[in-house]
Amino acid sequence: MDETLEARYAEILATTHPSFLDPAVAKTRGLSTPFLVNGPKDPSARRIMVIGREFGGKHWHINPEGGGVNAYVEKALAKHRASLDKWLEKGGDGGTTFFNFMRALADRFDPGGLIYSNLFCIDAGGGDPSCSEYFPEIKRVSKKLLDVQFDHFQPDVVIFAHGSASAATRREFFPTKGVGSVCVGRRDWEDVGISNMQLWEFELYGKFLCYRIQHPANWRGRAAAEAARARRHLLDVLTQTLPKRPSVAAPVADAGVPVIALSAP
């Protein structure tokens with residue numbers, strides 16, 4: 001149990017209307033209840049945080065049973081832990097490409113260091129919530145939760161795997177251009193035939209090593225082959241470059257993630 005993380009999540013959820021935590025109301029709106037994210041099971045492992053786009057299932061409805069925000073947080077984190085353990089088992093998710101990628105990371109690196117998050121903490125019927133009338137609030141809460149995750153987990157590597165459909169929101173959350181830019185491009189692999197749209201390395205907030213790939217969806221044809229090649233290349237890159245975590249983890253900052261304005265590439 002991570003009481004500090006639970007308290008930070010509870011503080012965020014307390015700023016939204018209680019109806020967003022009510023599974024009955026969420027269902028009438030065609031939405032899930034908020035998806036909350038655990039840290040790594042092994043704090044000493046190299047931490048790889050994978051950010052998908054939204055949960056994608058139709059049954060992420062946590063019932064706090066009258067216990068309020070704190071009860072919601074506790075139950076949501078317990079479900080996240082149990083679900084990720086199941087999904088990392090071969091076939092535990094029905095064989096989706098996204099969790100095949102997660103299992104590939106677990107096989108290549110320490111599965112105890114994996115962190116599974118999403119760009120959006122609420123989905124709409126298992127999909128993109130951007131057409132929901134509640135999207136502005138979904139974005140606000142999602143960004144606050146992501147900020148806590150970056151600050152609290154201090155990942156060694158972050159993989160943005162949400163794809164191009166929600167790229168505009170990612171750039172809104174983490175600007176790549178202008179005075180408020182927090183991303184600096186480092187490299188791509190177009191020289192070996194991998195498009196920048198398929199794989200890009202960048203630095204976030206002047207401290208987090210990040211990669212952007214397409215969402216590992218069940219595509220077919222040429223696009224699927226290009227995306228699969230990019231994912232395989234990323235695994236090889238990480239094998240060569242993933243920093244080793246020191247034996248004693250650095251202390252977690254008390255405040256939120258520092259925003260460092262950096263010039264765009």
# chains A, B, ... in the order shown; residues from 1 in each chain; ligands from 1

call {"tool": "residues_around", "arguments": {"residues": "range 78-84 of chain A", "least_positions_apart": "5", "cutoff": "8 Å", "atoms": "only C-alpha atoms", "output": "ChimeraX atom specification"}}
result
/A:35-38,116

call {"tool": "residues_around", "arguments": {"residues": "Arg212 in chain A", "least_positions_apart": "2", "cutoff": "9 Å", "atoms": "only C-alpha atoms", "output": "count of residues only"}}
result
14

call {"tool": "closest_residue", "arguments": {"among": "A:Gly125, A:Gly113, A:Gly39, A:Gly185", "to": "Leu204 in chain A", "atoms": "only C-alpha atoms"}}
result
A:Gly185

call {"tool": "residues_around", "arguments": {"residues": "range 95-104 of chain A", "least_positions_apart": "3", "cutoff": "10 Å", "atoms": "only C-alpha atoms", "output": "compact mmCIF listing (two decimals) with N, CA, C and O atoms, in the first residue's frame"}}
result
# COMPACT_ATOMS: atom_id res chain seq x y z
N VAL A 50 4.31 2.93 -19.46
CA VAL A 50 3.67 2.88 -20.77
C VAL A 50 2.33 3.60 -20.68
O VAL A 50 1.49 3.25 -19.84
N GLY A 52 -0.99 4.34 -22.58
CA GLY A 52 -1.91 4.05 -23.66
C GLY A 52 -2.86 5.21 -23.86
O GLY A 52 -2.60 6.33 -23.41
N LEU A 84 -3.62 -5.85 -14.17
CA LEU A 84 -2.34 -5.85 -14.87
C LEU A 84 -1.63 -7.20 -14.70
O LEU A 84 -1.06 -7.72 -15.66
N TRP A 87 -3.30 -9.43 -17.19
CA TRP A 87 -3.01 -9.09 -18.57
C TRP A 87 -1.59 -9.48 -18.97
O TRP A 87 -1.33 -9.77 -20.14
N LEU A 88 -0.68 -9.47 -18.01
CA LEU A 88 0.70 -9.82 -18.32
C LEU A 88 0.89 -11.33 -18.48
O LEU A 88 1.92 -11.77 -18.98
N GLU A 89 -0.10 -12.10 -18.05
CA GLU A 89 -0.07 -13.53 -18.31
C GLU A 89 -0.40 -13.76 -19.79
O GLU A 89 -1.24 -13.07 -20.36
N LYS A 90 0.23 -14.71 -20.41
CA LYS A 90 -0.02 -14.98 -21.82
C LYS A 90 -1.48 -15.35 -22.04
O LYS A 90 -1.99 -16.28 -21.43
N GLY A 91 -2.15 -14.58 -22.88
CA GLY A 91 -3.56 -14.85 -23.17
C GLY A 91 -4.52 -14.28 -22.15
O GLY A 91 -5.73 -14.41 -22.28
N GLY A 92 -3.98 -13.59 -21.12
CA GLY A 92 -4.84 -13.08 -20.07
C GLY A 92 -5.73 -11.94 -20.49
O GLY A 92 -6.66 -11.57 -19.78
N ASP A 107 9.05 -9.48 -20.66
CA ASP A 107 9.98 -10.57 -20.97
C ASP A 107 11.42 -10.05 -21.10
O ASP A 107 12.36 -10.73 -20.70
N ARG A 108 11.57 -8.86 -21.69
CA ARG A 108 12.90 -8.32 -21.96
C ARG A 108 13.51 -7.67 -20.71
O ARG A 108 14.71 -7.70 -20.50
N PHE A 109 12.63 -7.07 -19.89
CA PHE A 109 13.09 -6.34 -18.70
C PHE A 109 12.39 -6.91 -17.47
O PHE A 109 11.70 -7.91 -17.55
N PRO A 111 9.56 -7.37 -15.07
CA PRO A 111 8.14 -7.02 -15.06
C PRO A 111 7.73 -6.24 -13.82
O PRO A 111 6.73 -5.53 -13.83
N LEU A 114 7.29 -2.42 -14.49
CA LEU A 114 6.32 -1.89 -15.45
C LEU A 114 5.24 -1.07 -14.76
O LEU A 114 4.73 -1.44 -13.70
N ILE A 115 4.90 0.03 -15.40
CA ILE A 115 3.81 0.90 -14.93
C ILE A 115 2.88 1.10 -16.12
O ILE A 115 3.30 1.57 -17.18
N TYR A 116 1.60 0.74 -15.96
CA TYR A 116 0.64 0.88 -17.05
C TYR A 116 -0.31 2.02 -16.77
O TYR A 116 -1.08 1.99 -15.81
N ALA A 161 2.23 5.46 -26.01
CA ALA A 161 1.76 4.47 -26.98
C ALA A 161 0.27 4.65 -27.27
O ALA A 161 -0.45 3.68 -27.46
N HIS A 162 -0.15 5.89 -27.33
CA HIS A 162 -1.59 6.15 -27.52
C HIS A 162 -1.96 6.41 -28.97
O HIS A 162 -3.15 6.48 -29.30
N HIS A 215 -0.16 3.52 -31.29
CA HIS A 215 -0.85 2.61 -30.37
C HIS A 215 -0.76 1.19 -30.93
O HIS A 215 -1.08 0.96 -32.11
N PRO A 216 -0.29 0.23 -30.13
CA PRO A 216 -0.17 -1.15 -30.62
C PRO A 216 -1.54 -1.80 -30.82
O PRO A 216 -1.98 -2.64 -30.05
N ALA A 217 -2.24 -1.38 -31.85
CA ALA A 217 -3.58 -1.91 -32.13
C ALA A 217 -3.48 -3.12 -33.04
O ALA A 217 -2.43 -3.43 -33.59
N ASN A 218 -4.58 -3.81 -33.20
CA ASN A 218 -4.63 -4.99 -34.06
C ASN A 218 -4.83 -4.57 -35.52
O ASN A 218 -5.86 -4.82 -36.13
N TRP A 219 -3.84 -3.88 -36.09
CA TRP A 219 -3.91 -3.44 -37.47
C TRP A 219 -3.57 -4.59 -38.40
O TRP A 219 -3.13 -5.65 -38.01
N ALA A 228 4.89 -2.70 -36.10
CA ALA A 228 5.53 -3.82 -35.42
C ALA A 228 7.05 -3.71 -35.48
O ALA A 228 7.75 -4.00 -34.49
N ARG A 231 8.20 -1.15 -32.95
CA ARG A 231 8.17 -1.67 -31.57
C ARG A 231 9.35 -2.59 -31.31
O ARG A 231 9.97 -2.53 -30.23
N ARG A 232 9.68 -3.44 -32.28
CA ARG A 232 10.83 -4.33 -32.10
C ARG A 232 12.12 -3.52 -31.97
O ARG A 232 12.99 -3.84 -31.15
N LEU A 235 12.41 -2.01 -28.52
CA LEU A 235 12.88 -2.99 -27.53
C LEU A 235 14.40 -3.12 -27.58
O LEU A 235 15.06 -3.20 -26.53

call {"tool": "residues_around", "arguments": {"residues": "range 56-58 of chain A", "least_positions_apart": "6", "cutoff": "9 Å", "atoms": "only C-alpha atoms", "output": "PyMOL selection string"}}
result
chain A and resi 31-32+123-128

call {"tool": "select_by_dssp", "arguments": {"residues": "range 60-192 of chain A", "states": "strand (DSSP E or B)", "output": "PyMOL selection string"}}
result
chain A and resi 114-118+124+127+157-160+183-188

call {"tool": "write_last_selection", "arguments": {"atoms": "N, CA, C and O atoms", "output": "PDB file, in the first residue's frame"}}
result
ATOM      1  N   LEU A 114       7.292  -2.423 -14.489  1.00  0.00           N
ATOM      2  CA  LEU A 114       6.322  -1.892 -15.449  1.00  0.00           C
ATOM      3  C   LEU A 114       5.237  -1.065 -14.760  1.00  0.00           C
ATOM      4  O   LEU A 114       4.727  -1.437 -13.704  1.00  0.00           O
ATOM      5  N   ILE A 115       4.896   0.032 -15.396  1.00  0.00           N
ATOM      6  CA  ILE A 115       3.808   0.900 -14.932  1.00  0.00           C
ATOM      7  C   ILE A 115       2.877   1.104 -16.117  1.00  0.00           C
ATOM      8  O   ILE A 115       3.301   1.566 -17.178  1.00  0.00           O
ATOM      9  N   TYR A 116       1.604   0.738 -15.955  1.00  0.00           N
ATOM     10  CA  TYR A 116       0.641   0.879 -17.054  1.00  0.00           C
ATOM     11  C   TYR A 116      -0.311   2.024 -16.770  1.00  0.00           C
ATOM     12  O   TYR A 116      -1.081   1.987 -15.814  1.00  0.00           O
ATOM     13  N   SER A 117      -0.260   3.050 -17.607  1.00  0.00           N
ATOM     14  CA  SER A 117      -1.118   4.211 -17.460  1.00  0.00           C
ATOM     15  C   SER A 117      -1.836   4.485 -18.775  1.00  0.00           C
ATOM     16  O   SER A 117      -1.648   3.768 -19.764  1.00  0.00           O
ATOM     17  N   ASN A 118      -2.649   5.527 -18.786  1.00  0.00           N
ATOM     18  CA  ASN A 118      -3.375   5.940 -19.980  1.00  0.00           C
ATOM     19  C   ASN A 118      -3.419   7.452 -20.068  1.00  0.00           C
ATOM     20  O   ASN A 118      -3.410   8.146 -19.039  1.00  0.00           O
ATOM     21  N   ALA A 124     -15.048   6.184 -23.001  1.00  0.00           N
ATOM     22  CA  ALA A 124     -16.457   6.268 -23.390  1.00  0.00           C
ATOM     23  C   ALA A 124     -16.834   4.965 -24.067  1.00  0.00           C
ATOM     24  O   ALA A 124     -16.479   4.736 -25.221  1.00  0.00           O
ATOM     25  N   GLY A 127     -13.876   3.319 -25.494  1.00  0.00           N
ATOM     26  CA  GLY A 127     -13.109   4.015 -26.514  1.00  0.00           C
ATOM     27  C   GLY A 127     -12.811   5.449 -26.158  1.00  0.00           C
ATOM     28  O   GLY A 127     -12.953   5.890 -25.008  1.00  0.00           O
ATOM     29  N   VAL A 157      12.052   5.388 -18.039  1.00  0.00           N
ATOM     30  CA  VAL A 157      11.664   5.539 -19.441  1.00  0.00           C
ATOM     31  C   VAL A 157      10.148   5.635 -19.505  1.00  0.00           C
ATOM     32  O   VAL A 157       9.442   4.941 -18.762  1.00  0.00           O
ATOM     33  N   VAL A 158       9.669   6.495 -20.397  1.00  0.00           N
ATOM     34  CA  VAL A 158       8.228   6.631 -20.626  1.00  0.00           C
ATOM     35  C   VAL A 158       7.958   6.346 -22.093  1.00  0.00           C
ATOM     36  O   VAL A 158       8.627   6.899 -22.973  1.00  0.00           O
ATOM     37  N   ILE A 159       6.994   5.472 -22.362  1.00  0.00           N
ATOM     38  CA  ILE A 159       6.608   5.161 -23.737  1.00  0.00           C
ATOM     39  C   ILE A 159       5.181   5.655 -23.955  1.00  0.00           C
ATOM     40  O   ILE A 159       4.234   5.132 -23.347  1.00  0.00           O
ATOM     41  N   PHE A 160       5.032   6.679 -24.780  1.00  0.00           N
ATOM     42  CA  PHE A 160       3.704   7.160 -25.149  1.00  0.00           C
ATOM     43  C   PHE A 160       3.218   6.280 -26.294  1.00  0.00           C
ATOM     44  O   PHE A 160       3.735   6.348 -27.410  1.00  0.00           O
ATOM     45  N   CYS A 183       8.996  19.530 -24.238  1.00  0.00           N
ATOM     46  CA  CYS A 183       9.570  18.375 -24.942  1.00  0.00           C
ATOM     47  C   CYS A 183      10.704  18.835 -25.853  1.00  0.00           C
ATOM     48  O   CYS A 183      10.577  19.846 -26.547  1.00  0.00           O
ATOM     49  N   VAL A 184      11.782  18.094 -25.853  1.00  0.00           N
ATOM     50  CA  VAL A 184      12.890  18.349 -26.770  1.00  0.00           C
ATOM     51  C   VAL A 184      13.208  17.061 -27.506  1.00  0.00           C
ATOM     52  O   VAL A 184      13.477  16.029 -26.879  1.00  0.00           O
ATOM     53  N   GLY A 185      13.132  17.104 -28.842  1.00  0.00           N
ATOM     54  CA  GLY A 185      13.435  15.930 -29.636  1.00  0.00           C
ATOM     55  C   GLY A 185      14.900  15.545 -29.526  1.00  0.00           C
ATOM     56  O   GLY A 185      15.782  16.405 -29.518  1.00  0.00           O
ATOM     57  N   ARG A 186      15.160  14.255 -29.427  1.00  0.00           N
ATOM     58  CA  ARG A 186      16.536  13.756 -29.330  1.00  0.00           C
ATOM     59  C   ARG A 186      16.969  13.059 -30.617  1.00  0.00           C
ATOM     60  O   ARG A 186      18.013  13.353 -31.169  1.00  0.00           O
ATOM     61  N   ARG A 187      16.146  12.130 -31.111  1.00  0.00           N
ATOM     62  CA  ARG A 187      16.531  11.418 -32.339  1.00  0.00           C
ATOM     63  C   ARG A 187      15.350  10.623 -32.876  1.00  0.00           C
ATOM     64  O   ARG A 187      14.362  10.393 -32.185  1.00  0.00           O
ATOM     65  N   ASP A 188      15.493  10.195 -34.131  1.00  0.00           N
ATOM     66  CA  ASP A 188      14.575   9.231 -34.721  1.00  0.00           C
ATOM     67  C   ASP A 188      15.423   8.233 -35.507  1.00  0.00           C
ATOM     68  O   ASP A 188      16.656   8.268 -35.454  1.00  0.00           O
TER      69      ASP A 188
END

call {"tool": "closest_residue", "arguments": {"among": "A:Val148, A:Asn63, A:Ser19, A:Phe120", "to": "Pro136 in chain A", "atoms": "only C-alpha atoms"}}
result
A:Phe120

call {"tool": "atom_distance", "arguments": {"atom1": "CA of Gly68 in chain A", "atom2": "CA of Pro43 in chain A"}}
result
28.9 Å

call {"tool": "select_by_dssp", "arguments": {"residues": "range 153-211 of chain A", "states": "helix (DSSP H, G or I)", "output": "MDAnalysis selection string"}}
result
chainID A and resid 153 167:173 190:192

call {"tool": "write_last_selection", "arguments": {"atoms": "all heavy atoms", "output": "JSON list (two decimals), in the first residue's frame"}}
result
[["chain", "number", "residue", "atom", "x", "y", "z"],
["A", 153, "PHE", "N", 6.27, 8.38, -9.42],
["A", 153, "PHE", "CA", 6.93, 7.14, -9.86],
["A", 153, "PHE", "C", 8.35, 7.38, -10.35],
["A", 153, "PHE", "O", 9.17, 6.46, -10.35],
["A", 153, "PHE", "CB", 6.12, 6.47, -10.97],
["A", 153, "PHE", "CG", 4.71, 6.11, -10.59],
["A", 153, "PHE", "CD1", 3.70, 6.12, -11.54],
["A", 153, "PHE", "CD2", 4.39, 5.76, -9.29],
["A", 153, "PHE", "CE1", 2.39, 5.78, -11.20],
["A", 153, "PHE", "CE2", 3.08, 5.43, -8.93],
["A", 153, "PHE", "CZ", 2.08, 5.45, -9.89],
["A", 167, "ALA", "N", -3.21, 12.54, -30.43],
["A", 167, "ALA", "CA", -1.95, 13.29, -30.41],
["A", 167, "ALA", "C", -2.17, 14.76, -30.02],
["A", 167, "ALA", "O", -1.34, 15.35, -29.34],
["A", 167, "ALA", "CB", -1.27, 13.21, -31.77],
["A", 168, "ALA", "N", -3.29, 15.34, -30.45],
["A", 168, "ALA", "CA", -3.55, 16.74, -30.13],
["A", 168, "ALA", "C", -3.65, 16.96, -28.62],
["A", 168, "ALA", "O", -3.15, 17.96, -28.09],
["A", 168, "ALA", "CB", -4.83, 17.22, -30.82],
["A", 169, "THR", "N", -4.26, 16.00, -27.93],
["A", 169, "THR", "CA", -4.37, 16.12, -26.48],
["A", 169, "THR", "C", -3.01, 15.94, -25.82],
["A", 169, "THR", "O", -2.67, 16.64, -24.86],
["A", 169, "THR", "CB", -5.36, 15.08, -25.93],
["A", 169, "THR", "OG1", -6.65, 15.32, -26.49],
["A", 169, "THR", "CG2", -5.45, 15.17, -24.41],
["A", 170, "ARG", "N", -2.20, 15.00, -26.34],
["A", 170, "ARG", "CA", -0.86, 14.83, -25.78],
["A", 170, "ARG", "C", -0.06, 16.12, -25.91],
["A", 170, "ARG", "O", 0.63, 16.53, -24.98],
["A", 170, "ARG", "CB", -0.12, 13.69, -26.49],
["A", 170, "ARG", "CG", 1.23, 13.36, -25.83],
["A", 170, "ARG", "CD", 2.14, 12.56, -26.73],
["A", 170, "ARG", "NE", 2.69, 13.35, -27.82],
["A", 170, "ARG", "CZ", 2.50, 13.11, -29.10],
["A", 170, "ARG", "NH1", 1.75, 12.08, -29.50],
["A", 170, "ARG", "NH2", 3.03, 13.89, -30.03],
["A", 171, "ARG", "N", -0.16, 16.77, -27.07],
["A", 171, "ARG", "CA", 0.59, 18.02, -27.27],
["A", 171, "ARG", "C", 0.03, 19.14, -26.40],
["A", 171, "ARG", "O", 0.77, 20.05, -26.01],
["A", 171, "ARG", "CB", 0.53, 18.43, -28.74],
["A", 171, "ARG", "CG", 1.22, 17.44, -29.69],
["A", 171, "ARG", "CD", 1.32, 17.99, -31.10],
["A", 171, "ARG", "NE", 1.73, 16.95, -32.03],
["A", 171, "ARG", "CZ", 0.92, 16.36, -32.90],
["A", 171, "ARG", "NH1", -0.36, 16.73, -32.97],
["A", 171, "ARG", "NH2", 1.37, 15.41, -33.72],
["A", 172, "GLU", "N", -1.26, 19.08, -26.10],
["A", 172, "GLU", "CA", -1.84, 20.06, -25.18],
["A", 172, "GLU", "C", -1.31, 19.84, -23.76],
["A", 172, "GLU", "O", -0.98, 20.79, -23.05],
["A", 172, "GLU", "CB", -3.37, 19.94, -25.20],
["A", 172, "GLU", "CG", -4.08, 20.92, -24.30],
["A", 172, "GLU", "CD", -5.59, 20.76, -24.34],
["A", 172, "GLU", "OE1", -6.11, 20.17, -25.31],
["A", 172, "GLU", "OE2", -6.26, 21.22, -23.39],
["A", 173, "PHE", "N", -1.24, 18.57, -23.36],
["A", 173, "PHE", "CA", -0.71, 18.23, -22.04],
["A", 173, "PHE", "C", 0.78, 18.52, -21.94],
["A", 173, "PHE", "O", 1.27, 19.02, -20.92],
["A", 173, "PHE", "CB", -0.94, 16.74, -21.75],
["A", 173, "PHE", "CG", -2.35, 16.35, -21.42],
["A", 173, "PHE", "CD1", -2.66, 15.02, -21.18],
["A", 173, "PHE", "CD2", -3.36, 17.28, -21.33],
["A", 173, "PHE", "CE1", -3.95, 14.63, -20.86],
["A", 173, "PHE", "CE2", -4.67, 16.91, -21.02],
["A", 173, "PHE", "CZ", -4.96, 15.58, -20.79],
["A", 190, "GLU", "N", 14.83, 7.37, -38.96],
["A", 190, "GLU", "CA", 14.47, 7.41, -40.37],
["A", 190, "GLU", "C", 15.62, 6.93, -41.25],
["A", 190, "GLU", "O", 15.40, 6.45, -42.35],
["A", 190, "GLU", "CB", 14.03, 8.82, -40.75],
["A", 190, "GLU", "CG", 12.71, 9.22, -40.09],
["A", 190, "GLU", "CD", 12.07, 10.42, -40.76],
["A", 190, "GLU", "OE1", 12.78, 11.18, -41.43],
["A", 190, "GLU", "OE2", 10.84, 10.59, -40.58],
["A", 191, "ASP", "N", 16.87, 7.02, -40.74],
["A", 191, "ASP", "CA", 18.01, 6.58, -41.53],
["A", 191, "ASP", "C", 18.04, 5.06, -41.72],
["A", 191, "ASP", "O", 18.73, 4.55, -42.60],
["A", 191, "ASP", "CB", 19.32, 7.04, -40.88],
["A", 191, "ASP", "CG", 19.50, 6.50, -39.47],
["A", 191, "ASP", "OD1", 18.49, 6.33, -38.77],
["A", 191, "ASP", "OD2", 20.66, 6.25, -39.08],
["A", 192, "VAL", "N", 17.26, 4.33, -40.88],
["A", 192, "VAL", "CA", 17.18, 2.87, -41.06],
["A", 192, "VAL", "C", 15.78, 2.47, -41.52],
["A", 192, "VAL", "O", 15.37, 1.32, -41.40],
["A", 192, "VAL", "CB", 17.56, 2.12, -39.76],
["A", 192, "VAL", "CG1", 19.02, 2.35, -39.44],
["A", 192, "VAL", "CG2", 16.66, 2.51, -38.60]]

call {"tool": "atom_distance", "arguments": {"atom1": "CA of Val141 in chain A", "atom2": "CA of Thr15 in chain A"}}
result
8.6 Å

call {"tool": "closest_residue", "arguments": {"among": "A:Cys131, A:Val237, A:Ile194, A:Ala24", "to": "Trp60 in chain A", "atoms": "only C-alpha atoms"}}
result
A:Ala24
